[in-house]
Amino acid sequence: MLTICHMVISLDGRTTGDFLTTPQGLAATDHYYEINRTDPAQAYACGRTTMEGSFTGGHQPDWAAFESASVPAGDFVATIAPRYAVCFDRLGRLGWQTGSVQDADPGYGGAHVVEVLSPAAPAAALAYYRSIGVSYIVAATLSQALEKLQSHFGITRMLLEGGSEINGAFLRAGLIDELSLVVAPITARPEDKPLFATSDMSSFRLISTTPHPSGSLHLRYARA
């Protein structure tokens, strides 16, 4: 599987914070969404916090209603779809309400939800996801998760879209093949989160630089 880390960053490499609400940050974000809509990837992937902030809004279902449910061991494929929203959510805490993402942006809306869970995820979460048509896979490592995403769903190209914790985990595991960075022409605050949390030294080679009329710059790198 080809994994592309696609992010908006400030000039000093930050990915969150007030800079995103400035005219420069908003224009760069629009540029980022344009790229997301046209990329041929079959999936986009985020960590739990990013998915919650962008799509589930902190909704928490009544997990207790599923605590006594009997759940078959292994993975669950609810459907095969043209596009997937892959959620790295070890303990199954995301409160999805349907099996697909509800969002007005065609780059995100309608994507079938696939939860990536650890073996420690509670049975109640698995039963709940089955009841609303959310697929899930159980994986002990990121590499195992990618293997299952490809074998179960046919995903061969995926956009990794944050946050910094999951980006850092992929980088340390050597699982980022390309970087797709939309750079906003503005610096951020020191407390804002970086592109990679607890990153590792990794080399990349420049593929292309594409300026945008708004002033942002799209940088593409491949792992060296």
# chains A, B, ... in the order shown; residues from 1 in each chain; ligands from 1
>>> select_by_dssp(residues="segment 128-183 of chain A", states="alpha helix (DSSP H)", output="PyMOL selection string")
chain A and resi 128-132+142-153+164-172
>>> write_last_selection(atoms="N, CA, C and O atoms", output="mmCIF file, in the first residue's frame")
data_model
loop_
_atom_site.group_PDB
_atom_site.id
_atom_site.type_symbol
_atom_site.label_atom_id
_atom_site.label_comp_id
_atom_site.auth_asym_id
_atom_site.auth_seq_id
_atom_site.Cartn_x
_atom_site.Cartn_y
_atom_site.Cartn_z
ATOM 1 N N TYR A 128 -21.416 -2.698 18.924
ATOM 2 C CA TYR A 128 -22.056 -1.452 18.497
ATOM 3 C C TYR A 128 -21.731 -1.148 17.042
ATOM 4 O O TYR A 128 -22.624 -0.813 16.250
ATOM 5 N N TYR A 129 -20.461 -1.277 16.671
ATOM 6 C CA TYR A 129 -20.076 -0.980 15.297
ATOM 7 C C TYR A 129 -20.781 -1.918 14.317
ATOM 8 O O TYR A 129 -21.235 -1.498 13.245
ATOM 9 N N ARG A 130 -20.900 -3.179 14.667
ATOM 10 C CA ARG A 130 -21.627 -4.126 13.816
ATOM 11 C C ARG A 130 -23.080 -3.690 13.642
ATOM 12 O O ARG A 130 -23.646 -3.799 12.548
ATOM 13 N N SER A 131 -23.676 -3.178 14.708
ATOM 14 C CA SER A 131 -25.098 -2.831 14.660
ATOM 15 C C SER A 131 -25.401 -1.658 13.740
ATOM 16 O O SER A 131 -26.518 -1.538 13.230
ATOM 17 N N ILE A 132 -24.412 -0.774 13.507
ATOM 18 C CA ILE A 132 -24.643 0.397 12.654
ATOM 19 C C ILE A 132 -23.924 0.285 11.311
ATOM 20 O O ILE A 132 -23.926 1.238 10.522
ATOM 21 N N LEU A 142 0.866 -1.314 13.169
ATOM 22 C CA LEU A 142 0.436 -0.532 12.015
ATOM 23 C C LEU A 142 0.643 -1.294 10.711
ATOM 24 O O LEU A 142 -0.198 -1.236 9.810
ATOM 25 N N SER A 143 1.741 -2.011 10.598
ATOM 26 C CA SER A 143 1.993 -2.762 9.363
ATOM 27 C C SER A 143 0.938 -3.846 9.158
ATOM 28 O O SER A 143 0.484 -4.080 8.030
ATOM 29 N N GLN A 144 0.532 -4.495 10.237
ATOM 30 C CA GLN A 144 -0.535 -5.496 10.125
ATOM 31 C C GLN A 144 -1.843 -4.830 9.709
ATOM 32 O O GLN A 144 -2.601 -5.379 8.899
ATOM 33 N N ALA A 145 -2.101 -3.638 10.239
ATOM 34 C CA ALA A 145 -3.317 -2.915 9.868
ATOM 35 C C ALA A 145 -3.332 -2.604 8.371
ATOM 36 O O ALA A 145 -4.351 -2.796 7.700
ATOM 37 N N LEU A 146 -2.203 -2.149 7.825
ATOM 38 C CA LEU A 146 -2.141 -1.827 6.407
ATOM 39 C C LEU A 146 -2.334 -3.072 5.543
ATOM 40 O O LEU A 146 -3.005 -3.026 4.504
ATOM 41 N N GLU A 147 -1.764 -4.185 5.979
ATOM 42 C CA GLU A 147 -1.948 -5.441 5.249
ATOM 43 C C GLU A 147 -3.417 -5.833 5.198
ATOM 44 O O GLU A 147 -3.938 -6.248 4.149
ATOM 45 N N LYS A 148 -4.111 -5.675 6.323
ATOM 46 C CA LYS A 148 -5.528 -6.033 6.372
ATOM 47 C C LYS A 148 -6.388 -5.063 5.566
ATOM 48 O O LYS A 148 -7.362 -5.471 4.917
ATOM 49 N N LEU A 149 -6.059 -3.791 5.607
ATOM 50 C CA LEU A 149 -6.810 -2.813 4.822
ATOM 51 C C LEU A 149 -6.719 -3.124 3.329
ATOM 52 O O LEU A 149 -7.698 -2.976 2.591
ATOM 53 N N GLN A 150 -5.560 -3.582 2.914
ATOM 54 C CA GLN A 150 -5.399 -3.927 1.497
ATOM 55 C C GLN A 150 -6.101 -5.236 1.166
ATOM 56 O O GLN A 150 -6.816 -5.332 0.161
ATOM 57 N N SER A 151 -5.927 -6.250 2.005
ATOM 58 C CA SER A 151 -6.503 -7.564 1.691
ATOM 59 C C SER A 151 -8.021 -7.588 1.832
ATOM 60 O O SER A 151 -8.721 -8.219 1.039
ATOM 61 N N HIS A 152 -8.572 -6.890 2.827
ATOM 62 C CA HIS A 152 -10.023 -6.906 3.054
ATOM 63 C C HIS A 152 -10.785 -5.939 2.154
ATOM 64 O O HIS A 152 -11.906 -6.229 1.737
ATOM 65 N N PHE A 153 -10.187 -4.765 1.903
ATOM 66 C CA PHE A 153 -10.925 -3.695 1.224
ATOM 67 C C PHE A 153 -10.318 -3.262 -0.106
ATOM 68 O O PHE A 153 -10.871 -2.404 -0.784
ATOM 69 N N SER A 164 -0.802 14.694 14.732
ATOM 70 C CA SER A 164 0.645 14.526 14.813
ATOM 71 C C SER A 164 1.053 13.212 15.463
ATOM 72 O O SER A 164 2.117 12.673 15.150
ATOM 73 N N GLU A 165 0.220 12.673 16.359
ATOM 74 C CA GLU A 165 0.570 11.408 17.021
ATOM 75 C C GLU A 165 0.572 10.251 16.027
ATOM 76 O O GLU A 165 1.522 9.464 15.962
ATOM 77 N N ILE A 166 -0.512 10.125 15.239
ATOM 78 C CA ILE A 166 -0.575 9.021 14.282
ATOM 79 C C ILE A 166 0.428 9.236 13.148
ATOM 80 O O ILE A 166 1.055 8.288 12.670
ATOM 81 N N ASN A 167 0.638 10.502 12.751
ATOM 82 C CA ASN A 167 1.669 10.775 11.747
ATOM 83 C C ASN A 167 3.038 10.311 12.236
ATOM 84 O O ASN A 167 3.808 9.686 11.503
ATOM 85 N N GLY A 168 3.352 10.647 13.496
ATOM 86 C CA GLY A 168 4.635 10.248 14.065
ATOM 87 C C GLY A 168 4.790 8.752 14.167
ATOM 88 O O GLY A 168 5.864 8.201 13.919
ATOM 89 N N ALA A 169 3.709 8.060 14.528
ATOM 90 C CA ALA A 169 3.760 6.597 14.642
ATOM 91 C C ALA A 169 4.045 5.965 13.282
ATOM 92 O O ALA A 169 4.846 5.025 13.174
ATOM 93 N N PHE A 170 3.407 6.473 12.231
ATOM 94 C CA PHE A 170 3.660 5.953 10.884
ATOM 95 C C PHE A 170 5.096 6.231 10.461
ATOM 96 O O PHE A 170 5.753 5.382 9.854
ATOM 97 N N LEU A 171 5.600 7.438 10.767
ATOM 98 C CA LEU A 171 6.965 7.783 10.381
ATOM 99 C C LEU A 171 7.969 6.874 11.077
ATOM 100 O O LEU A 171 8.899 6.347 10.438
ATOM 101 N N ARG A 172 7.799 6.672 12.370
ATOM 102 C CA ARG A 172 8.736 5.826 13.121
ATOM 103 C C ARG A 172 8.700 4.380 12.646
ATOM 104 O O ARG A 172 9.702 3.669 12.718
#
>>> residues_around(residues="Gly215 of chain A", least_positions_apart="6", cutoff="9 Å", atoms="only C-alpha atoms", output="PyMOL selection string")
chain A and resi 24+27-28+183-185
>>> write_last_selection(atoms="all heavy atoms", output="PDB file, in the first residue's frame")
ATOM      1  N   GLN A  24      -4.384  33.542   5.349  1.00  0.00           N
ATOM      2  CA  GLN A  24      -3.388  32.661   4.724  1.00  0.00           C
ATOM      3  C   GLN A  24      -3.685  31.186   5.037  1.00  0.00           C
ATOM      4  O   GLN A  24      -3.568  30.313   4.174  1.00  0.00           O
ATOM      5  CB  GLN A  24      -1.981  33.012   5.216  1.00  0.00           C
ATOM      6  CG  GLN A  24      -1.544  34.423   4.888  1.00  0.00           C
ATOM      7  CD  GLN A  24      -1.791  35.382   6.035  1.00  0.00           C
ATOM      8  OE1 GLN A  24      -2.792  35.275   6.749  1.00  0.00           O
ATOM      9  NE2 GLN A  24      -0.867  36.318   6.224  1.00  0.00           N
ATOM     10  N   ALA A  27      -6.861  29.976   3.143  1.00  0.00           N
ATOM     11  CA  ALA A  27      -6.588  29.762   1.724  1.00  0.00           C
ATOM     12  C   ALA A  27      -5.792  28.476   1.513  1.00  0.00           C
ATOM     13  O   ALA A  27      -6.058  27.714   0.568  1.00  0.00           O
ATOM     14  CB  ALA A  27      -5.827  30.958   1.153  1.00  0.00           C
ATOM     15  N   ALA A  28      -4.821  28.230   2.393  1.00  0.00           N
ATOM     16  CA  ALA A  28      -4.041  26.997   2.286  1.00  0.00           C
ATOM     17  C   ALA A  28      -4.918  25.775   2.538  1.00  0.00           C
ATOM     18  O   ALA A  28      -4.756  24.736   1.882  1.00  0.00           O
ATOM     19  CB  ALA A  28      -2.887  27.029   3.282  1.00  0.00           C
ATOM     20  N   VAL A 183       1.858  24.264   2.291  1.00  0.00           N
ATOM     21  CA  VAL A 183       2.500  25.191   3.221  1.00  0.00           C
ATOM     22  C   VAL A 183       1.807  26.548   3.156  1.00  0.00           C
ATOM     23  O   VAL A 183       1.750  27.187   2.099  1.00  0.00           O
ATOM     24  CB  VAL A 183       3.997  25.353   2.898  1.00  0.00           C
ATOM     25  CG1 VAL A 183       4.665  26.235   3.948  1.00  0.00           C
ATOM     26  CG2 VAL A 183       4.682  23.999   2.812  1.00  0.00           C
ATOM     27  N   ALA A 184       1.259  26.979   4.290  1.00  0.00           N
ATOM     28  CA  ALA A 184       0.649  28.307   4.384  1.00  0.00           C
ATOM     29  C   ALA A 184       1.743  29.334   4.650  1.00  0.00           C
ATOM     30  O   ALA A 184       2.648  29.085   5.449  1.00  0.00           O
ATOM     31  CB  ALA A 184      -0.385  28.334   5.511  1.00  0.00           C
ATOM     32  N   PRO A 185       1.690  30.504   4.028  1.00  0.00           N
ATOM     33  CA  PRO A 185       2.747  31.506   4.201  1.00  0.00           C
ATOM     34  C   PRO A 185       2.595  32.287   5.505  1.00  0.00           C
ATOM     35  O   PRO A 185       2.456  33.513   5.516  1.00  0.00           O
ATOM     36  CB  PRO A 185       2.570  32.399   2.964  1.00  0.00           C
ATOM     37  CG  PRO A 185       1.100  32.341   2.689  1.00  0.00           C
ATOM     38  CD  PRO A 185       0.682  30.921   3.028  1.00  0.00           C
TER      39      PRO A 185
END
>>> atom_distance(atom1="atom CA of Val116 of chain A", atom2="atom CA of Ala104 of chain A")
24.1 Å
>>> closest_residue(among="A:Ile207, A:Ala127, A:Ala121, A:Ala222", to="Asp89 of chain A", atoms="only C-alpha atoms")
A:Ala121
>>> select_by_dssp(residues="segment 17-161 of chain A", states="strand (DSSP E)", output="JSON, numbers by chain")
{"A": [43, 44, 45, 46, 47, 84, 85, 86, 87, 88, 112, 113, 114, 115, 116, 117, 135, 136, 137, 138, 157, 158, 159, 160]}
>>> closest_residue(among="A:Ala173, A:Ile137, A:Ala43, A:Ala197", to="Gly109 of chain A", atoms="only C-alpha atoms")
A:Ala43
>>> closest_residue(among="A:Cys87, A:Met7, A:Leu195, A:Met1", to="Val101 of chain A", atoms="only C-alpha atoms")
A:Cys87
